[in-house]
Amino acid sequence: MSRKKVLVVGGTGYLGQHLLQGFCEIQSGTSFDLAFTYHSNPPHKLLEALPQLLAFHVDLQTDHGFDSILHSFGQPDVVVNCAALSVPRACEVDPAAAMSINVPTPLVNWLSSFKEKSTLLIQLSTDQESKQMQLLLNVGGPDRVSRVQMADAVAQIRGYDTSLINPVSASTVNRGVRSPADISMDIGRLVETLSVSPVPYKEGVRLTLESRAGS
């Protein structure tokens, strides 16, 4: 059986790096090759930490770089797209760039050009629509928390004085763009489809801080 090929698009972002690390941790016991794309500077530190990875420079706005992946890595069996322009202000300033990255038409066109239509595309996004999407799952925690509640949870776990947190209304902060008061999403379908139990926010913070302290 030939080795499967997994490609992570946007591998140098926060989510992408954690995903690559997770793949590498299970790679030794499985049979697949792993590669990722980056957009700006070559990720030397990432490649030093994970030398078994292949890195490809790709511009999602122009689709430059996809041919080199096909030539050097081959057709991927799985593509996980983590690339996104997620800052609302940046999206408002450059809507063309936001559309080309957050609605990955060049990536979809590249995958559609393969003779073998067997590649699985996993699209990760904050709020993404796609006509070709087969299954849409909102991923998040089981509880709805505000930024103030997030700060309060971190302070409690770290033993800080929560009275030092000064809550203000979001409507009083000029972030350059309008944003809904509530951007939480329903994860009921995620829980039902994958039979998972997402970790509550406060417990996730505790586990994260403990793992960092132990590393």
# chains A, B, ... in the order shown; residues from 1 in each chain; ligands from 1
>>> select_by_dssp(residues="region 14-215 of chain A", states="strand (DSSP E or B)", output="PyMOL selection string")
chain A and resi 32-38+54-57+59+64+78-81+120-123
>>> residues_around(residues="Val79 (chain A)", least_positions_apart="6", cutoff="10 Å", atoms="only C-alpha atoms", output="PDB file with N, CA and C atoms, in the first residue's frame")
ATOM      1  N   LYS A   5      -0.562  10.938   1.535  1.00  0.00           N
ATOM      2  CA  LYS A   5       0.064  12.252   1.552  1.00  0.00           C
ATOM      3  C   LYS A   5      -0.911  13.260   2.163  1.00  0.00           C
ATOM      4  N   VAL A   6      -0.442  13.984   3.176  1.00  0.00           N
ATOM      5  CA  VAL A   6      -1.248  14.983   3.867  1.00  0.00           C
ATOM      6  C   VAL A   6      -0.607  16.354   3.671  1.00  0.00           C
ATOM      7  N   LEU A   7      -1.394  17.313   3.211  1.00  0.00           N
ATOM      8  CA  LEU A   7      -0.909  18.676   2.983  1.00  0.00           C
ATOM      9  C   LEU A   7      -1.684  19.640   3.876  1.00  0.00           C
ATOM     10  N   VAL A   8      -0.961  20.428   4.660  1.00  0.00           N
ATOM     11  CA  VAL A   8      -1.573  21.457   5.506  1.00  0.00           C
ATOM     12  C   VAL A   8      -1.313  22.816   4.859  1.00  0.00           C
ATOM     13  N   VAL A   9      -2.356  23.456   4.376  1.00  0.00           N
ATOM     14  CA  VAL A   9      -2.241  24.785   3.778  1.00  0.00           C
ATOM     15  C   VAL A   9      -2.322  25.824   4.889  1.00  0.00           C
ATOM     16  N   ALA A  35       3.345  17.490   4.426  1.00  0.00           N
ATOM     17  CA  ALA A  35       3.896  18.727   3.866  1.00  0.00           C
ATOM     18  C   ALA A  35       2.983  19.886   4.255  1.00  0.00           C
ATOM     19  N   PHE A  36       3.506  21.110   4.104  1.00  0.00           N
ATOM     20  CA  PHE A  36       2.694  22.284   4.425  1.00  0.00           C
ATOM     21  C   PHE A  36       3.085  23.442   3.524  1.00  0.00           C
ATOM     22  N   LEU A 107      -7.347  27.204  -4.516  1.00  0.00           N
ATOM     23  CA  LEU A 107      -7.081  25.882  -3.943  1.00  0.00           C
ATOM     24  C   LEU A 107      -8.078  24.858  -4.454  1.00  0.00           C
ATOM     25  N   LEU A 111      -7.358  21.487  -6.790  1.00  0.00           N
ATOM     26  CA  LEU A 111      -7.785  20.135  -6.436  1.00  0.00           C
ATOM     27  C   LEU A 111      -8.717  19.553  -7.500  1.00  0.00           C
ATOM     28  N   THR A 119      -9.048  13.405  -3.522  1.00  0.00           N
ATOM     29  CA  THR A 119      -8.487  14.201  -2.437  1.00  0.00           C
ATOM     30  C   THR A 119      -9.590  14.735  -1.526  1.00  0.00           C
ATOM     31  N   LEU A 120      -9.408  14.540  -0.233  1.00  0.00           N
ATOM     32  CA  LEU A 120     -10.350  15.054   0.764  1.00  0.00           C
ATOM     33  C   LEU A 120      -9.884  16.436   1.211  1.00  0.00           C
ATOM     34  N   LEU A 121     -10.731  17.443   1.056  1.00  0.00           N
ATOM     35  CA  LEU A 121     -10.436  18.797   1.515  1.00  0.00           C
ATOM     36  C   LEU A 121     -11.154  19.061   2.831  1.00  0.00           C
ATOM     37  N   ILE A 122     -10.383  19.407   3.853  1.00  0.00           N
ATOM     38  CA  ILE A 122     -10.931  19.798   5.146  1.00  0.00           C
ATOM     39  C   ILE A 122     -10.700  21.290   5.282  1.00  0.00           C
ATOM     40  N   GLN A 123     -11.777  22.075   5.241  1.00  0.00           N
ATOM     41  CA  GLN A 123     -11.701  23.532   5.274  1.00  0.00           C
ATOM     42  C   GLN A 123     -11.961  24.033   6.688  1.00  0.00           C
TER      43      GLN A 123
END
>>> residues_around(residues="region 167-171 of chain A", least_positions_apart="2", cutoff="12 Å", atoms="only C-alpha atoms", output="MDAnalysis selection string")
chainID A and resid 146:152 162:165 173:182
>>> select_by_dssp(residues="region 5-194 of chain A", states="helix (DSSP H, G or I)", output="ChimeraX atom specification")
/A:14-27,44-49,66-72,88-93,95-102,105-112,147-158,162-164,170-172,188-194
>>> residues_around(residues="region 15-25 of chain A", least_positions_apart="3", cutoff="9 Å", atoms="only C-alpha atoms", output="list in words")
Val8, Val9, Gly10, Gly11, Thr12, Ser28, Gly29, Leu34, Ala35, Phe36, Leu46, Leu50, Gln52, Leu53, Val80, Asn81, Cys82 and Ala83 of chain A
>>> write_last_selection(atoms="C-alpha atoms", output="PDB file, in the first residue's frame")
ATOM      1  CA  VAL A   8      -1.573  21.457   5.506  1.00  0.00           C
ATOM      2  CA  VAL A   9      -2.241  24.785   3.778  1.00  0.00           C
ATOM      3  CA  GLY A  10      -1.297  27.694   6.022  1.00  0.00           C
ATOM      4  CA  GLY A  11       1.015  25.611   8.169  1.00  0.00           C
ATOM      5  CA  THR A  12       2.853  28.559   9.718  1.00  0.00           C
ATOM      6  CA  SER A  28       5.822   7.402  13.489  1.00  0.00           C
ATOM      7  CA  GLY A  29       3.088   4.837  14.013  1.00  0.00           C
ATOM      8  CA  LEU A  34       3.422  15.363   5.548  1.00  0.00           C
ATOM      9  CA  ALA A  35       3.896  18.727   3.866  1.00  0.00           C
ATOM     10  CA  PHE A  36       2.694  22.284   4.425  1.00  0.00           C
ATOM     11  CA  LEU A  46       9.492  25.362  12.199  1.00  0.00           C
ATOM     12  CA  LEU A  50      10.093  19.387  12.594  1.00  0.00           C
ATOM     13  CA  GLN A  52      10.744  15.662   8.473  1.00  0.00           C
ATOM     14  CA  LEU A  53       8.303  18.143   6.911  1.00  0.00           C
ATOM     15  CA  VAL A  80      -6.334  20.647   5.538  1.00  0.00           C
ATOM     16  CA  ASN A  81      -6.756  24.353   4.801  1.00  0.00           C
ATOM     17  CA  CYS A  82      -5.839  26.508   7.809  1.00  0.00           C
ATOM     18  CA  ALA A  83      -5.030  29.623   5.780  1.00  0.00           C
TER      19      ALA A  83
END
>>> atom_distance(atom1="CA of Ala84 (chain A)", atom2="CA of Pro198 (chain A)")
23.3 Å
>>> residues_around(residues="Phe66 (chain A)", least_positions_apart="3", cutoff="9 Å", atoms="only C-alpha atoms", output="PyMOL selection string")
chain A and resi 56-59+63+69-71+107+110
>>> closest_residue(among="A:Gly159, A:Ala90, A:Leu85, A:Glu203", to="His39 (chain A)", atoms="only C-alpha atoms")
A:Leu85
>>> residues_around(residues="Val191 (chain A)", least_positions_apart="2", cutoff="12 Å", atoms="only C-alpha atoms", output="list in words")
Leu137, Asn138, Val139, Gly140, Gly141, Pro142, Asp186, Ile187, Gly188, Arg189, Thr193, Leu194, Ser195, Val196, Ser197, Pro198 and Val199 of chain A
>>> atom_distance(atom1="CA of Asp77 (chain A)", atom2="CA of Phe114 (chain A)")
11.2 Å
